[in-house]
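Listing of protein01.csv; format and content: CSV, C-alpha atoms (C1' of nucleotides).
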chain,number,residue,atom,x,y,z
A,1,MET,CA,-26.5,11.7,25.8
A,2,PRO,CA,-30.3,11.0,25.6
A,3,LEU,CA,-32.1,12.3,22.6
A,4,ASN,CA,-35.1,14.5,23.2
A,5,SER,CA,-38.4,12.9,22.3
A,6,GLY,CA,-39.2,15.5,19.7
A,7,GLN,CA,-36.2,14.5,17.6
A,8,ILE,CA,-37.1,10.8,17.9
A,9,ASP,CA,-40.7,11.5,16.8
A,10,LYS,CA,-39.4,13.4,13.9
A,11,ARG,CA,-37.3,10.5,12.8
A,12,ILE,CA,-40.2,8.1,13.2
A,13,ARG,CA,-42.4,10.3,11.1
A,14,ALA,CA,-39.7,10.4,8.4
A,15,PHE,CA,-39.7,6.6,8.5
A,16,THR,CA,-43.4,6.4,8.1
A,17,LYS,CA,-43.4,8.9,5.3
A,18,ILE,CA,-40.6,7.3,3.4
A,19,CYS,CA,-42.1,3.8,3.7
A,20,ARG,CA,-45.4,5.1,2.3
A,21,GLN,CA,-43.7,7.1,-0.5
A,22,SER,CA,-41.5,4.3,-1.7
A,23,GLY,CA,-44.1,1.6,-1.4
A,24,VAL,CA,-42.5,-0.6,1.2
A,25,ARG,CA,-44.5,-1.9,4.1
A,26,ALA,CA,-44.0,-0.3,7.5
A,27,THR,CA,-44.2,-3.6,9.2
A,28,HIS,CA,-44.1,-4.0,13.0
A,29,GLN,CA,-40.6,-5.4,12.8
A,30,ARG,CA,-39.3,-2.6,10.7
A,31,ARG,CA,-40.8,0.0,12.9
A,32,GLU,CA,-39.3,-1.5,16.0
A,33,ILE,CA,-35.9,-1.9,14.5
A,34,PHE,CA,-35.9,1.7,13.2
A,35,ARG,CA,-37.1,3.0,16.6
A,36,GLU,CA,-34.3,1.1,18.3
A,37,VAL,CA,-31.7,2.9,16.2
A,38,ALA,CA,-33.5,6.2,16.1
A,39,ARG,CA,-34.1,6.5,19.9
A,40,THR,CA,-30.4,6.6,20.8
A,41,ASP,CA,-27.2,8.4,19.8
A,42,GLU,CA,-25.0,5.5,20.8
A,43,HIS,CA,-24.7,4.1,17.2
A,44,PRO,CA,-25.5,0.5,18.0
A,45,ASP,CA,-24.4,-2.5,16.0
A,46,ALA,CA,-26.8,-5.2,14.6
A,47,GLU,CA,-26.3,-7.6,17.5
A,48,THR,CA,-27.2,-4.9,20.0
A,49,ILE,CA,-30.3,-3.9,18.1
A,50,TYR,CA,-31.3,-7.5,17.8
A,51,LYS,CA,-31.1,-8.0,21.6
A,52,ARG,CA,-33.1,-4.9,22.3
A,53,VAL,CA,-35.8,-5.5,19.7
A,54,ARG,CA,-36.1,-9.1,20.9
A,55,LYS,CA,-37.3,-7.9,24.3
A,56,ARG,CA,-40.5,-6.7,22.8
A,57,MET,CA,-40.6,-9.1,19.8
A,58,PRO,CA,-39.1,-12.4,21.0
A,59,THR,CA,-39.5,-14.1,17.6
A,60,VAL,CA,-37.7,-11.5,15.5
A,61,SER,CA,-34.8,-13.0,13.6
A,62,LEU,CA,-31.3,-11.7,13.2
A,63,ASP,CA,-31.6,-11.8,9.5
A,64,THR,CA,-34.6,-9.4,9.6
A,65,ILE,CA,-32.4,-7.0,11.6
A,66,TYR,CA,-29.7,-7.1,8.9
A,67,ARG,CA,-32.2,-7.0,6.0
A,68,THR,CA,-34.1,-4.1,7.6
A,69,LEU,CA,-30.9,-2.1,8.4
A,70,SER,CA,-29.9,-2.4,4.7
A,71,LEU,CA,-33.3,-1.3,3.6
A,72,LEU,CA,-33.3,1.7,5.9
A,73,GLU,CA,-29.9,2.6,4.7
A,74,GLU,CA,-31.0,2.4,1.1
A,75,LYS,CA,-33.9,4.7,1.9
A,76,GLY,CA,-31.6,7.2,3.5
A,77,LEU,CA,-33.1,6.8,7.0
A,78,LEU,CA,-29.8,5.7,8.5
A,79,LYS,CA,-26.1,5.3,7.7
A,80,ARG,CA,-23.6,2.7,8.2
A,81,LEU,CA,-20.5,3.8,10.1
A,82,GLU,CA,-17.8,2.2,8.1
A,83,LEU,CA,-15.1,3.3,5.6
A,84,PHE,CA,-15.5,0.3,3.3
A,85,SER,CA,-17.8,-2.6,3.2
A,86,GLY,CA,-16.0,-5.9,3.7
A,87,ARG,CA,-12.3,-6.3,4.0
A,88,THR,CA,-10.1,-4.1,6.1
A,89,ARG,CA,-7.5,-2.2,4.1
A,90,PHE,CA,-4.0,-1.1,5.1
A,91,ASP,CA,-2.1,2.1,4.7
A,92,ALA,CA,1.7,2.4,4.9
A,93,ASN,CA,1.6,6.2,4.8
A,94,THR,CA,2.5,7.1,8.4
A,95,GLN,CA,2.5,10.9,7.8
A,96,PRO,CA,-0.6,12.8,8.8
A,97,HIS,CA,-2.9,12.7,5.8
A,98,HIS,CA,-6.5,12.4,4.7
A,99,HIS,CA,-8.5,10.3,2.2
A,100,PHE,CA,-10.6,10.7,-0.9
A,101,ILE,CA,-12.7,7.6,-1.1
A,102,CYS,CA,-14.8,6.5,-4.1
A,103,THR,CA,-17.9,5.0,-2.7
A,104,GLN,CA,-18.5,3.0,-5.9
A,105,CYS,CA,-15.2,1.2,-6.6
A,106,GLY,CA,-13.4,1.7,-3.3
A,107,LEU,CA,-10.5,3.8,-4.7
A,108,VAL,CA,-8.6,5.6,-2.0
A,109,ARG,CA,-6.2,8.4,-2.6
A,110,ASP,CA,-4.2,10.2,0.0
A,111,PHE,CA,-3.8,13.9,0.3
A,112,THR,CA,-2.4,16.4,2.9
A,113,SER,CA,-4.0,19.5,4.1
A,114,GLU,CA,-2.7,21.8,6.8
A,115,GLN,CA,-6.1,23.4,7.1
A,116,MET,CA,-7.6,20.0,8.0
A,117,ASP,CA,-4.8,19.0,10.3
A,118,ALA,CA,-5.3,22.2,12.2
A,119,LEU,CA,-9.1,22.0,12.5
A,120,ALA,CA,-10.4,23.5,15.8
A,121,ARG,CA,-12.0,21.1,18.2
A,122,PRO,CA,-15.5,22.3,19.0
A,123,ASN,CA,-15.9,23.0,22.7
A,124,GLU,CA,-18.3,20.2,23.3
A,125,VAL,CA,-15.8,17.8,21.9
A,126,ARG,CA,-13.2,19.0,24.4
A,127,SER,CA,-15.6,18.0,27.2
A,128,TRP,CA,-15.9,14.5,25.9
A,129,GLY,CA,-12.3,13.6,25.9
A,130,GLU,CA,-8.9,14.1,24.5
A,131,VAL,CA,-8.5,14.2,20.7
A,132,ARG,CA,-5.4,12.5,19.4
A,133,SER,CA,-5.9,12.6,15.6
A,134,VAL,CA,-8.0,14.3,13.0
A,135,ASN,CA,-9.1,12.3,10.0
A,136,VAL,CA,-11.0,13.7,7.1
A,137,GLN,CA,-12.6,11.6,4.4
A,138,LEU,CA,-13.9,13.1,1.3
A,139,ARG,CA,-16.4,10.6,-0.1
A,140,GLY,CA,-17.6,10.7,-3.7
A,141,ILE,CA,-17.3,9.2,-7.1
A,142,CYS,CA,-13.9,9.0,-8.8
A,143,SER,CA,-13.5,10.1,-12.4
A,144,ALA,CA,-13.2,6.5,-13.7
A,145,CYS,CA,-16.5,5.5,-12.2
A,146,ARG,CA,-18.2,8.6,-13.4
A,147,ALA,CA,-17.0,7.9,-16.9
A,148,LYS,CA,-18.2,4.3,-16.7
A,149,GLY,CA,-21.6,5.6,-15.4
A,150,ARG,CA,-22.0,7.9,-18.3
A,151,ARG,CA,-21.2,5.2,-20.8
A,152,ALA,CA,-23.6,2.8,-19.1
A,153,ARG,CA,-26.4,5.3,-19.1
A,154,ALA,CA,-25.7,6.2,-22.8
A,155,LYS,CA,-26.3,2.6,-23.9
B,1,MET,CA,-0.5,6.8,-8.7
B,2,PRO,CA,2.9,4.9,-8.4
B,3,LEU,CA,5.0,5.8,-5.4
B,4,ASN,CA,8.5,7.0,-6.2
B,5,SER,CA,11.2,4.6,-5.2
B,6,GLY,CA,12.8,7.0,-2.7
B,7,GLN,CA,9.7,6.9,-0.6
B,8,ILE,CA,9.5,3.2,-0.7
B,9,ASP,CA,13.1,2.8,0.3
B,10,LYS,CA,12.5,5.2,3.2
B,11,ARG,CA,9.7,3.0,4.4
B,12,ILE,CA,11.7,-0.1,4.1
B,13,ARG,CA,14.5,1.5,6.1
B,14,ALA,CA,12.0,2.5,8.8
B,15,PHE,CA,10.8,-1.2,8.9
B,16,THR,CA,14.3,-2.5,9.3
B,17,LYS,CA,15.1,0.1,12.0
B,18,ILE,CA,12.0,-0.5,14.0
B,19,CYS,CA,12.4,-4.3,13.9
B,20,ARG,CA,15.9,-4.0,15.2
B,21,GLN,CA,15.0,-1.5,17.8
B,22,SER,CA,12.0,-3.4,19.1
B,23,GLY,CA,13.8,-6.8,19.0
B,24,VAL,CA,11.4,-8.5,16.5
B,25,ARG,CA,12.9,-10.5,13.7
B,26,ALA,CA,12.9,-9.0,10.3
B,27,THR,CA,12.0,-12.3,8.7
B,28,HIS,CA,11.8,-12.9,4.9
B,29,GLN,CA,8.0,-13.1,5.3
B,30,ARG,CA,7.6,-9.9,7.2
B,31,ARG,CA,9.9,-8.0,4.8
B,32,GLU,CA,7.9,-9.2,1.8
B,33,ILE,CA,4.6,-8.4,3.4
B,34,PHE,CA,5.6,-5.0,4.4
B,35,ARG,CA,7.1,-4.3,1.0
B,36,GLU,CA,3.9,-5.2,-0.6
B,37,VAL,CA,1.9,-2.6,1.4
B,38,ALA,CA,4.7,0.0,1.3
B,39,ARG,CA,5.3,-0.1,-2.5
B,40,THR,CA,1.8,1.0,-3.4
B,41,ASP,CA,-0.7,3.7,-2.4
B,42,GLU,CA,-3.7,1.6,-3.2
B,43,HIS,CA,-4.3,0.6,0.4
B,44,PRO,CA,-4.7,-3.2,-0.2
B,45,ASP,CA,-6.5,-5.6,1.9
B,46,ALA,CA,-5.1,-8.8,3.5
B,47,GLU,CA,-6.3,-11.1,0.7
B,48,THR,CA,-4.7,-8.9,-2.0
B,49,ILE,CA,-1.5,-8.8,-0.1
B,50,TYR,CA,-1.6,-12.5,0.3
B,51,LYS,CA,-2.0,-13.2,-3.4
B,52,ARG,CA,0.9,-10.8,-4.3
B,53,VAL,CA,3.3,-12.1,-1.7
B,54,ARG,CA,2.5,-15.7,-2.7
B,55,LYS,CA,3.8,-15.1,-6.2
B,56,ARG,CA,7.3,-14.8,-4.7
B,57,MET,CA,6.8,-17.0,-1.6
B,58,PRO,CA,4.3,-19.7,-2.6
B,59,THR,CA,4.3,-21.3,0.9
B,60,VAL,CA,3.4,-18.2,2.9
B,61,SER,CA,0.2,-18.6,4.9
B,62,LEU,CA,-2.7,-16.3,5.1
B,63,ASP,CA,-2.4,-16.4,8.9
B,64,THR,CA,1.1,-15.0,8.6
B,65,ILE,CA,-0.2,-12.1,6.5
B,66,TYR,CA,-2.7,-11.3,9.3
B,67,ARG,CA,-0.3,-11.7,12.1
B,68,THR,CA,2.3,-9.6,10.4
B,69,LEU,CA,-0.1,-6.9,9.5
B,70,SER,CA,-1.2,-6.7,13.1
B,71,LEU,CA,2.5,-6.6,14.2
B,72,LEU,CA,3.3,-3.8,11.7
B,73,GLU,CA,0.3,-1.8,12.9
B,74,GLU,CA,1.4,-2.2,16.5
B,75,LYS,CA,4.9,-0.9,15.6
B,76,GLY,CA,3.4,2.1,13.9
B,77,LEU,CA,4.6,1.1,10.4
B,78,LEU,CA,1.1,1.0,9.0
B,79,LYS,CA,-2.5,1.7,9.8
B,80,ARG,CA,-5.7,-0.1,9.4
B,81,LEU,CA,-8.3,1.9,7.5
B,82,GLU,CA,-11.4,1.3,9.6
B,83,LEU,CA,-13.6,3.2,11.9
B,84,PHE,CA,-14.1,0.4,14.4
B,85,SER,CA,-12.8,-3.1,14.7
B,86,GLY,CA,-15.5,-5.7,14.4
B,87,ARG,CA,-19.2,-5.0,14.0
B,88,THR,CA,-20.7,-2.4,11.8
B,89,ARG,CA,-22.6,0.3,13.6
B,90,PHE,CA,-25.5,2.4,12.5
B,91,ASP,CA,-26.4,6.1,12.8
B,92,ALA,CA,-29.9,7.5,12.5
B,93,ASN,CA,-28.7,11.0,12.4
B,94,THR,CA,-29.3,12.0,8.8
B,95,GLN,CA,-28.1,15.6,9.2
B,96,PRO,CA,-24.6,16.5,8.2
B,97,HIS,CA,-22.4,15.9,11.2
B,98,HIS,CA,-19.1,14.5,12.4
B,99,HIS,CA,-17.8,12.1,15.0
B,100,PHE,CA,-15.7,11.9,18.0
B,101,ILE,CA,-14.6,8.3,18.5
B,102,CYS,CA,-12.9,6.9,21.5
B,103,THR,CA,-10.4,4.4,20.3
B,104,GLN,CA,-10.4,2.5,23.5
B,105,CYS,CA,-14.1,1.8,24.2
B,106,GLY,CA,-15.7,2.7,20.9
B,107,LEU,CA,-17.8,5.6,22.2
B,108,VAL,CA,-19.1,7.7,19.4
B,109,ARG,CA,-20.5,11.2,19.8
B,110,ASP,CA,-22.0,13.4,17.1
B,111,PHE,CA,-21.2,17.0,16.6
B,112,THR,CA,-21.8,19.6,14.0
B,113,SER,CA,-19.3,22.1,12.6
B,114,GLU,CA,-19.9,24.6,9.8
B,115,GLN,CA,-16.2,25.0,9.4
B,116,MET,CA,-15.8,21.3,8.7
B,117,ASP,CA,-18.8,21.1,6.4
B,118,ALA,CA,-17.3,23.8,4.4
B,119,LEU,CA,-13.8,22.6,4.1
B,120,ALA,CA,-12.2,23.4,0.8
B,121,ARG,CA,-11.4,20.5,-1.4
B,122,PRO,CA,-7.7,20.5,-2.3
B,123,ASN,CA,-7.1,20.9,-6.1
B,124,GLU,CA,-5.6,17.5,-6.5
B,125,VAL,CA,-8.8,16.0,-5.0
B,126,ARG,CA,-10.9,17.8,-7.6
B,127,SER,CA,-9.0,16.1,-10.3
B,128,TRP,CA,-9.7,12.6,-8.8
B,129,GLY,CA,-13.4,12.9,-8.8
B,130,GLU,CA,-16.5,14.5,-7.4
B,131,VAL,CA,-16.8,14.9,-3.7
B,132,ARG,CA,-20.3,14.2,-2.3
B,133,SER,CA,-19.7,14.4,1.5
B,134,VAL,CA,-17.2,15.5,4.0
B,135,ASN,CA,-16.7,13.4,7.1
B,136,VAL,CA,-14.4,14.3,9.9
B,137,GLN,CA,-13.5,12.0,12.7
B,138,LEU,CA,-11.7,13.2,15.8
B,139,ARG,CA,-10.2,10.1,17.3
B,140,GLY,CA,-8.9,10.0,20.9
B,141,ILE,CA,-9.7,8.8,24.4
B,142,CYS,CA,-13.0,9.7,26.1
B,143,SER,CA,-13.1,11.1,29.7
B,144,ALA,CA,-14.4,7.8,31.1
B,145,CYS,CA,-11.5,5.8,29.6
B,146,ARG,CA,-9.0,8.3,30.7
B,147,ALA,CA,-10.3,8.2,34.3
B,148,LYS,CA,-10.2,4.4,34.2
B,149,GLY,CA,-6.7,4.5,32.9
B,150,ARG,CA,-5.5,6.7,35.7
B,151,ARG,CA,-7.1,4.5,38.3
B,152,ALA,CA,-5.6,1.4,36.7
B,153,ARG,CA,-2.1,3.0,36.6
B,154,ALA,CA,-2.5,4.1,40.2
B,155,LYS,CA,-3.0,0.6,41.5
C,1,DC,C1',-63.0,-13.5,2.1
C,2,DC,C1',-59.5,-14.8,-1.4
C,3,DT,C1',-55.2,-14.2,-4.0
C,4,DG,C1',-50.6,-13.0,-4.9
C,5,DA,C1',-46.7,-10.2,-3.7
C,6,DA,C1',-44.0,-8.9,0.1
C,7,DA,C1',-41.9,-9.9,4.3
C,8,DT,C1',-40.3,-12.9,7.9
C,9,DA,C1',-38.1,-16.9,10.7
C,10,DA,C1',-34.9,-20.3,11.1
C,11,DG,C1',-31.1,-22.2,10.0
C,12,DA,C1',-27.5,-23.1,6.5
C,13,DA,C1',-23.8,-21.0,4.0
C,14,DT,C1',-20.3,-17.7,3.2
C,15,DT,C1',-16.6,-14.6,4.3
C,16,DA,C1',-13.1,-12.4,6.9
C,17,DT,C1',-10.3,-13.1,10.6
C,18,DT,C1',-8.2,-15.4,14.5
C,19,DC,C1',-6.7,-19.5,17.0
C,20,DC,C1',-4.2,-23.9,17.7
C,21,DT,C1',-0.4,-26.9,17.2
C,22,DA,C1',3.3,-29.2,15.1
C,23,DT,C1',7.2,-27.9,12.6
C,24,DT,C1',10.8,-24.7,11.1
C,25,DT,C1',14.0,-21.0,11.7
C,26,DA,C1',17.4,-18.5,13.7
C,27,DA,C1',19.8,-16.4,17.6
C,28,DT,C1',22.5,-17.7,21.7
C,29,DT,C1',25.3,-20.5,24.4
C,30,DA,C1',28.5,-24.2,25.2
D,1,DT,C1',30.6,-25.8,15.2
D,2,DA,C1',26.9,-28.2,17.6
D,3,DA,C1',23.2,-28.0,20.9
D,4,DT,C1',19.6,-25.3,23.1
D,5,DT,C1',15.9,-22.4,23.2
D,6,DA,C1',12.8,-18.8,21.9
D,7,DA,C1',10.5,-16.8,18.1
D,8,DA,C1',8.1,-17.4,13.9
D,9,DT,C1',5.6,-19.9,10.4
D,10,DA,C1',2.3,-23.2,7.8
D,11,DG,C1',-1.7,-25.4,7.6
D,12,DG,C1',-5.9,-26.2,9.0
D,13,DA,C1',-9.6,-25.8,12.5
D,14,DA,C1',-12.5,-22.5,14.8
D,15,DT,C1',-15.0,-18.2,15.4
D,16,DA,C1',-17.7,-14.1,14.3
D,17,DA,C1',-20.2,-11.2,11.4
D,18,DT,C1',-23.1,-11.2,7.7
D,19,DT,C1',-25.7,-13.0,3.8
D,20,DC,C1',-28.4,-16.5,1.5
D,21,DT,C1',-32.2,-20.1,1.0
D,22,DT,C1',-36.6,-21.8,1.6
D,23,DA,C1',-40.8,-22.6,3.8
D,24,DT,C1',-44.2,-20.0,6.1
D,25,DT,C1',-46.7,-15.9,7.4
D,26,DT,C1',-48.6,-11.3,6.6
D,27,DC,C1',-51.1,-8.0,4.4
D,28,DA,C1',-53.0,-5.0,0.6
D,29,DG,C1',-56.1,-5.0,-3.2
D,30,DG,C1',-59.7,-7.3,-5.8

Translate this file's structure into structure tokens.
Amino acid sequence: MPLNSGQIDKRIRAFTKICRQSGVRATHQRREIFREVARTDEHPDAETIYKRVRKRMPTVSLDTIYRTLSLLEEKGLLKRLELFSGRTRFDANTQPHHHFICTQCGLVRDFTSEQMDALARPNEVRSWGEVRSVNVQLRGICSACRAKGRRARAK
Amino acid sequence: MPLNSGQIDKRIRAFTKICRQSGVRATHQRREIFREVARTDEHPDAETIYKRVRKRMPTVSLDTIYRTLSLLEEKGLLKRLELFSGRTRFDANTQPHHHFICTQCGLVRDFTSEQMDALARPNEVRSWGEVRSVNVQLRGICSACRAKGRRARAK
DNA sequence: CCTGAAATAAGAATTATTCCTATTTAATTA
DNA sequence: TAATTAAATAGGAATAATTCTTATTTCAGG
């Protein structure tokens, strides 16, 4: 479960590099927040990160946690684990199926794939627990958004 | 995009049957709410469903929408599209990878799989848009939760 | 060292969702 | 059919996660 320190250092270096390259300040707060996410593979939430960073920086604000996490995501240093931002959506299709999701407009389309349903569980996964369902998401840009994007760029 | 009416009817019949079998009342509200999700493949959120149902039942309350959606999920008539309930979590692993998720405790473990990274996009998907990433989630019960469950049941 | 832009802290505001309670509905019994 | 009772709903209050606002602080460049 623990990450090896070489990997963590590599992530920290990427943070430093990207801050420099994109002209954002690598402040003490940002560094601590990123370190807190980068040092673990437990995929913490904002509140957890807040509590941990506060141990070393008691005055850090929750808002800074959120702002920084958004910034880090924008810079590609970390990812949000969520299907959509905002509201939960519902699916009445109870057959096994998978989703194409447009990351721009939120369009979701269902599709089936025997290949995906039958994907082999890697050995390590078998040791972690019992898999009950396989869900594949293909994330990208739908045709409508791509067309809109082209038109917008052409203006 | 529109579902054929045969499929919709099939879903409505499943609703009726499951309500009867599990002894919950198939009230007017529940029927309308389920129909609203079942009649479309756009995977609507609670607010959208609320607005649509209100057109026919102006007095329906938002709380009934939420309560009913939870009930319908519990009965297996629909699914929530979300990775976790509640807080958004963050991942500092920027390499392509996939997730094992324990649906009980929320444990997330990363794993890599060339087979999964290379999954073929079904043809229909290609016509919907451009896929930029493939994400597989294996959802199930982790060993720790399974052990706890066994202990709890043994008591 | 000074100045201005960037970043932060603190708390208010917003948004999605859940909870509470009085009322209504509907199944069951008399 | 009327009375009884449990289930379900409406409406609004409460909560939880996240975002916004504003005054203050920090820091890089002149």

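Between chain A and the candidates C:DT24, C:DA13, C:DC19, C:DT8, the tightest atom-to-atom separation, counting all atoms listed in the file, involves C:DT8.
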
Proximal residues of chain A relative to chain C (all atoms listed in the file; 12 Å) as an NGL selection string = :A and (23-30 or 58-65 or 67-68 or 85-89)

Saved selection, atoms kept: C-alpha atoms, as an mmCIF file, in the frame of the given file:
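The result, stored in selection_21.cif:
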data_model
loop_
_atom_site.group_PDB
_atom_site.id
_atom_site.type_symbol
_atom_site.label_atom_id
_atom_site.label_comp_id
_atom_site.auth_asym_id
_atom_site.auth_seq_id
_atom_site.Cartn_x
_atom_site.Cartn_y
_atom_site.Cartn_z
ATOM 1 C CA GLY A 23 -44.100 1.600 -1.400
ATOM 2 C CA VAL A 24 -42.500 -0.600 1.200
ATOM 3 C CA ARG A 25 -44.500 -1.900 4.100
ATOM 4 C CA ALA A 26 -44.000 -0.300 7.500
ATOM 5 C CA THR A 27 -44.200 -3.600 9.200
ATOM 6 C CA HIS A 28 -44.100 -4.000 13.000
ATOM 7 C CA GLN A 29 -40.600 -5.400 12.800
ATOM 8 C CA ARG A 30 -39.300 -2.600 10.700
ATOM 9 C CA PRO A 58 -39.100 -12.400 21.000
ATOM 10 C CA THR A 59 -39.500 -14.100 17.600
ATOM 11 C CA VAL A 60 -37.700 -11.500 15.500
ATOM 12 C CA SER A 61 -34.800 -13.000 13.600
ATOM 13 C CA LEU A 62 -31.300 -11.700 13.200
ATOM 14 C CA ASP A 63 -31.600 -11.800 9.500
ATOM 15 C CA THR A 64 -34.600 -9.400 9.600
ATOM 16 C CA ILE A 65 -32.400 -7.000 11.600
ATOM 17 C CA ARG A 67 -32.200 -7.000 6.000
ATOM 18 C CA THR A 68 -34.100 -4.100 7.600
ATOM 19 C CA SER A 85 -17.800 -2.600 3.200
ATOM 20 C CA GLY A 86 -16.000 -5.900 3.700
ATOM 21 C CA ARG A 87 -12.300 -6.300 4.000
ATOM 22 C CA THR A 88 -10.100 -4.100 6.100
ATOM 23 C CA ARG A 89 -7.500 -2.200 4.100
#

Which residue, A:Cys19, A:Val53, A:Leu138, A:Ala144, has the smallest gap to Ala118 in chain B when you use all atoms listed in the file?
->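 Selected residue with least distance to Ala118 in chain B: A:Leu138.
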
Exercise answer, chain B residues close to chain A, 6 Å and only C-alpha atoms, as a PyMOL selection string = chain B and resi 38+43-45+78-83+88-92+128-143

Write down, as number ranges by chain, each residue of chain D that has any atom within 12 Å of an atom of chain A, counting only C-alpha atoms (C1' of nucleotides).
-> D: 16-21, 26-28

Find the distance between CA of Arg150 in chain A and CA of Cys105 in chain A and write it in Å to one decimal.
->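 For CA of Arg150 in chain A relative to CA of Cys105 in chain A, the distance reads 15.1 Å.
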
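Take CA of Lys10 in chain A and CA of His97 in chain B: the distance between them is 17.4 Å.
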
Which residue out of B:Ser5, B:Arg13, B:Glu32, B:Asp117 has the minimum interatomic distance to Arg54 in chain B when only C-alpha atoms are used?
-> B:Glu32
